[in-house]
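What follows is a short report on a single structure.
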Amino acid sequence: MPDFFAHRFAHTNFAGPIHTLVQIGVQTMQDVEDALRVDPRQMVLTTLDPDLAQKADSALGAWRSADRTARVEHAAITPKRPAQAMLPVAMFEQPSLSSRKKPTGLHTLFPDLAATRQVEVPTIALSAFLSALPDRPAGARHMLRLGLTGEEHTLLTAAGGKLLQGFHDIIISLPDTALFERALSRDALLERLHSLGFMPVAQREGPLRAVPECHLIRSPHHAELQSCQAVAQDGQGAQAEQKTLIQTLTREKDALRKALDDITLEDRDLAELRTRYAALLADYEAQSETLRQVQARVKAALARFQT
């Protein structure tokens, strides 16, 4: 681990020192030494191990100063408001594998692995944990380190990815395969982080080879890409709306055409009726004239007969 932190500045083009370090899941005192090596202005560390929490807090005592602050919490960070204030956690012989998650692939890699003890850990909802973090000035560089094996995906996706807001650097445990219940593999986690705007720049072996650590930084073009994607989505939305409008207007046009055709047909029918009526009227008048003539002849015949 010292080599990893000692050389990371050489291949990442840092704009400046780390201002704030937040580490969820400190597992050994080596993690605390690594945090001191980063030498941020302020740090917040959490651990599942109550004994380690006390040792870490003592080790940070000499580092604290007027412009250097540190807080160590014995706590399990949960994605949502926990149903219980304390959670039982099995502590394994290898501290980096201790988790509140149920082991799955872990037993395949380490069939003889056994828990050495069980501890009760206070729970803190992620939203409460984030709201209690110290202010992180805009423009400064802030780092998040996730060492809580099996919890990476759960915490990254909780609250719409709010855990990553404000951080430029992430150091995260990336097992090759999922070791705990509902955990993700290395490739799936990297894909998720890439979708959130982070790209890997370095990787090293963790305490166990099956659980390497990866250093990712926020892509400087992610915001621009998101903006372009938003514009493209807006354009697609406008195009879809225009297509829907054209379809609606086409239907209305077809309805009007049909109505006009019906009116035309009605006009034609009316003209035909008028023609037939005129013919019938002419025939009626002709028949009436014939009848009058017959009546006149009959009347004249009667008159001659009477004389």
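All residue names refer to the structure tokens as shown: chains lettered A, B, ... in order, residues numbered from 1 in each chain, ligands numbered from 1 in order.
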
Task: Residue neighbourhood stretch 71-83 of chain A, 8 Å, only C-alpha atoms, exclusion window fewer than 2 positions, as a ChimeraX atom specification - done: /A:24,43-50,53,56-57,69,85,87,121-127,129,154-155,158-159

Surrounding residues of stretch 192-195 of chain A excluding itself and chain neighbours under 3 positions, 9 Å, only C-alpha atoms, as a tab-separated table (two decimals) with N, CA and C atoms, in the first residue's frame:
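What landed in part_25.tsv:
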chain	number	residue	atom	x	y	z
A	153	HIS	N	-21.19	-1.51	-4.58
A	153	HIS	CA	-22.29	-1.20	-5.49
A	153	HIS	C	-23.48	-0.61	-4.75
A	156	LEU	N	-22.68	3.01	-3.90
A	156	LEU	CA	-22.53	3.85	-5.09
A	156	LEU	C	-23.88	4.19	-5.71
A	157	THR	N	-24.82	3.24	-5.67
A	157	THR	CA	-26.12	3.47	-6.31
A	157	THR	C	-27.15	4.08	-5.37
A	187	ASP	N	-15.61	-5.99	-13.30
A	187	ASP	CA	-16.03	-5.36	-14.56
A	187	ASP	C	-17.35	-4.61	-14.40
A	188	ALA	N	-18.28	-5.18	-13.66
A	188	ALA	CA	-19.57	-4.53	-13.47
A	188	ALA	C	-19.42	-3.24	-12.66
A	189	LEU	N	-18.55	-3.26	-11.64
A	189	LEU	CA	-18.32	-2.05	-10.85
A	189	LEU	C	-17.65	-0.96	-11.67
A	198	PHE	N	-16.28	8.36	-13.94
A	198	PHE	CA	-14.94	8.09	-13.40
A	198	PHE	C	-14.19	7.11	-14.29
A	199	MET	N	-12.87	7.35	-14.43
A	199	MET	CA	-12.05	6.48	-15.25
A	199	MET	C	-10.86	5.99	-14.43
A	200	PRO	N	-10.47	4.71	-14.60
A	200	PRO	CA	-9.36	4.15	-13.82
A	200	PRO	C	-8.01	4.68	-14.32
A	216	LEU	N	-9.46	5.66	-9.37
A	216	LEU	CA	-10.19	6.29	-10.46
A	216	LEU	C	-10.28	7.78	-10.22
A	218	ARG	N	-12.29	11.50	-11.66
A	218	ARG	CA	-13.45	11.99	-12.41
A	218	ARG	C	-12.98	12.50	-13.78
A	219	SER	N	-13.65	12.05	-14.81
A	219	SER	CA	-13.30	12.47	-16.16
A	219	SER	C	-13.62	13.95	-16.35

Secondary structure check, strand (DSSP E or B) residues of stretch 98-202 of chain A, as a PyMOL selection string: chain A and resi 99+103+115-125+141-146+169-173+180+198-202

For the selection just defined, write its residues with N, CA, C and O atoms to a file, as a compact mmCIF listing (two decimals), in the first residue's frame.
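Written output follows (out_32.txt):
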# COMPACT_ATOMS: atom_id res chain seq x y z
N SER A 99 -17.31 -8.10 6.61
CA SER A 99 -18.41 -7.34 6.01
C SER A 99 -19.71 -7.72 6.69
O SER A 99 -19.82 -8.81 7.27
N PRO A 103 -21.43 -13.85 3.02
CA PRO A 103 -20.43 -14.34 2.06
C PRO A 103 -21.03 -15.34 1.07
O PRO A 103 -21.85 -16.17 1.44
N ALA A 115 -14.88 -16.99 10.84
CA ALA A 115 -14.99 -15.77 11.63
C ALA A 115 -14.32 -15.98 12.99
O ALA A 115 -14.44 -17.04 13.60
N THR A 116 -13.60 -14.96 13.43
CA THR A 116 -12.92 -15.05 14.72
C THR A 116 -13.78 -14.49 15.85
O THR A 116 -13.63 -14.89 17.00
N ARG A 117 -14.68 -13.58 15.52
CA ARG A 117 -15.55 -13.00 16.54
C ARG A 117 -16.69 -12.27 15.85
O ARG A 117 -16.67 -12.05 14.64
N GLN A 118 -17.67 -11.92 16.62
CA GLN A 118 -18.80 -11.13 16.11
C GLN A 118 -18.95 -9.87 16.95
O GLN A 118 -18.87 -9.93 18.19
N VAL A 119 -19.13 -8.74 16.28
CA VAL A 119 -19.26 -7.47 16.99
C VAL A 119 -20.58 -6.80 16.63
O VAL A 119 -21.16 -7.07 15.57
N GLU A 120 -21.05 -5.97 17.52
CA GLU A 120 -22.25 -5.17 17.27
C GLU A 120 -21.79 -3.79 16.78
O GLU A 120 -20.99 -3.12 17.43
N VAL A 121 -22.29 -3.38 15.63
CA VAL A 121 -21.85 -2.13 15.01
C VAL A 121 -23.02 -1.15 14.90
O VAL A 121 -24.08 -1.52 14.39
N PRO A 122 -22.85 0.08 15.36
CA PRO A 122 -23.90 1.10 15.18
C PRO A 122 -24.12 1.37 13.69
O PRO A 122 -23.18 1.33 12.89
N THR A 123 -25.35 1.67 13.31
CA THR A 123 -25.67 1.94 11.91
C THR A 123 -25.91 3.44 11.70
O THR A 123 -26.46 4.12 12.56
N ILE A 124 -25.50 3.90 10.52
CA ILE A 124 -25.74 5.29 10.11
C ILE A 124 -26.24 5.27 8.67
O ILE A 124 -25.60 4.67 7.80
N ALA A 125 -27.38 5.90 8.42
CA ALA A 125 -27.89 5.99 7.05
C ALA A 125 -26.95 6.84 6.21
O ALA A 125 -26.35 7.81 6.70
N ARG A 141 -9.41 19.47 -4.14
CA ARG A 141 -9.45 18.07 -4.55
C ARG A 141 -9.83 17.20 -3.35
O ARG A 141 -9.23 17.30 -2.28
N HIS A 142 -10.84 16.35 -3.54
CA HIS A 142 -11.34 15.52 -2.46
C HIS A 142 -11.33 14.05 -2.90
O HIS A 142 -11.62 13.74 -4.07
N MET A 143 -11.01 13.17 -1.95
CA MET A 143 -10.87 11.74 -2.26
C MET A 143 -11.82 10.90 -1.42
O MET A 143 -12.02 11.17 -0.23
N LEU A 144 -12.38 9.89 -2.06
CA LEU A 144 -13.22 8.90 -1.39
C LEU A 144 -12.57 7.54 -1.54
O LEU A 144 -12.19 7.15 -2.65
N ARG A 145 -12.44 6.83 -0.43
CA ARG A 145 -11.89 5.47 -0.48
C ARG A 145 -12.92 4.51 0.11
O ARG A 145 -13.39 4.71 1.23
N LEU A 146 -13.28 3.49 -0.68
CA LEU A 146 -14.25 2.49 -0.24
C LEU A 146 -13.51 1.18 0.01
O LEU A 146 -13.04 0.54 -0.93
N ASP A 169 -11.42 11.94 -6.76
CA ASP A 169 -10.66 10.69 -6.73
C ASP A 169 -11.43 9.63 -5.94
O ASP A 169 -12.03 9.92 -4.90
N ILE A 170 -11.38 8.40 -6.45
CA ILE A 170 -11.97 7.25 -5.76
C ILE A 170 -10.95 6.13 -5.73
O ILE A 170 -10.31 5.83 -6.74
N ILE A 171 -10.78 5.55 -4.56
CA ILE A 171 -9.99 4.32 -4.43
C ILE A 171 -10.95 3.26 -3.90
O ILE A 171 -11.59 3.46 -2.86
N ILE A 172 -11.08 2.18 -4.64
CA ILE A 172 -12.14 1.22 -4.34
C ILE A 172 -11.63 -0.21 -4.49
O ILE A 172 -10.79 -0.50 -5.35
N SER A 173 -12.10 -1.09 -3.62
CA SER A 173 -11.78 -2.51 -3.72
C SER A 173 -12.55 -3.11 -4.88
O SER A 173 -13.77 -2.91 -4.99
N PHE A 180 -19.62 -11.41 -2.06
CA PHE A 180 -20.70 -11.33 -1.07
C PHE A 180 -22.05 -11.24 -1.77
O PHE A 180 -22.14 -10.94 -2.96
N PHE A 198 -16.28 8.36 -13.94
CA PHE A 198 -14.94 8.09 -13.40
C PHE A 198 -14.19 7.11 -14.29
O PHE A 198 -14.77 6.16 -14.82
N MET A 199 -12.87 7.35 -14.43
CA MET A 199 -12.05 6.48 -15.25
C MET A 199 -10.86 5.99 -14.43
O MET A 199 -10.28 6.73 -13.63
N PRO A 200 -10.47 4.71 -14.60
CA PRO A 200 -9.36 4.15 -13.82
C PRO A 200 -8.01 4.68 -14.32
O PRO A 200 -7.80 4.86 -15.52
N VAL A 201 -7.10 4.94 -13.38
CA VAL A 201 -5.77 5.41 -13.73
C VAL A 201 -4.67 4.55 -13.12
O VAL A 201 -3.52 4.63 -13.56
N ALA A 202 -5.00 3.74 -12.13
CA ALA A 202 -3.97 2.89 -11.51
C ALA A 202 -4.66 1.75 -10.75
O ALA A 202 -5.81 1.87 -10.34

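Residues in contact with A:Asp39 at up to 9 Å, not including ones fewer than 6 positions away on its chain and judged by only C-alpha atoms, are Pro17, Ile18, His19, Leu21 and Arg68 of chain A.
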
Those same residues - all heavy atoms - I'd like them written as a short mmCIF file (atom, residue, chain, number, x, y, z; two decimals), in the first residue's frame.
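Contents of the output file part39.cif:
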data_model
loop_
_atom_site.label_atom_id
_atom_site.label_comp_id
_atom_site.auth_asym_id
_atom_site.auth_seq_id
_atom_site.Cartn_x
_atom_site.Cartn_y
_atom_site.Cartn_z
N PRO A 17 -2.89 19.08 -3.82
CA PRO A 17 -3.01 18.09 -2.74
C PRO A 17 -4.47 17.78 -2.43
O PRO A 17 -5.37 18.53 -2.78
CB PRO A 17 -2.31 18.78 -1.57
CG PRO A 17 -2.45 20.25 -1.86
CD PRO A 17 -2.37 20.38 -3.35
N ILE A 18 -4.66 16.66 -1.73
CA ILE A 18 -6.01 16.27 -1.31
C ILE A 18 -6.43 17.13 -0.13
O ILE A 18 -5.72 17.23 0.87
CB ILE A 18 -6.04 14.78 -0.93
CG1 ILE A 18 -5.65 13.92 -2.13
CG2 ILE A 18 -7.42 14.40 -0.42
CD1 ILE A 18 -6.57 14.04 -3.31
N HIS A 19 -7.59 17.75 -0.26
CA HIS A 19 -8.11 18.57 0.84
C HIS A 19 -8.89 17.72 1.84
O HIS A 19 -8.72 17.84 3.05
CB HIS A 19 -9.01 19.68 0.28
CG HIS A 19 -9.55 20.61 1.33
ND1 HIS A 19 -10.64 20.29 2.12
CD2 HIS A 19 -9.13 21.84 1.73
CE1 HIS A 19 -10.88 21.29 2.96
NE2 HIS A 19 -9.98 22.24 2.74
N LEU A 21 -10.27 13.72 2.75
CA LEU A 21 -10.26 12.28 2.53
C LEU A 21 -11.38 11.66 3.35
O LEU A 21 -11.44 11.84 4.57
CB LEU A 21 -8.91 11.67 2.95
CG LEU A 21 -8.86 10.14 2.99
CD1 LEU A 21 -9.07 9.54 1.61
CD2 LEU A 21 -7.54 9.66 3.60
N ARG A 68 -5.67 20.81 10.75
CA ARG A 68 -5.78 19.41 10.36
C ARG A 68 -6.81 18.75 11.29
O ARG A 68 -6.60 18.64 12.49
CB ARG A 68 -4.44 18.69 10.52
CG ARG A 68 -3.34 19.14 9.55
CD ARG A 68 -3.64 18.61 8.15
NE ARG A 68 -2.53 18.84 7.23
CZ ARG A 68 -2.35 19.96 6.55
NH1 ARG A 68 -3.18 20.97 6.72
NH2 ARG A 68 -1.32 20.08 5.71
#

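Interatomic distance, atom CA of A:Pro88 against atom CA of A:Gln27: 16.5 Å.
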
(Q) Excluding A:Thr108 and its own-chain neighbours fewer than 4 positions away, which residues fall within 12 Å of it when counting only C-alpha atoms? Please give them as a PyMOL selection string. (A) chain A and resi 103-104+112-113+177-180+210
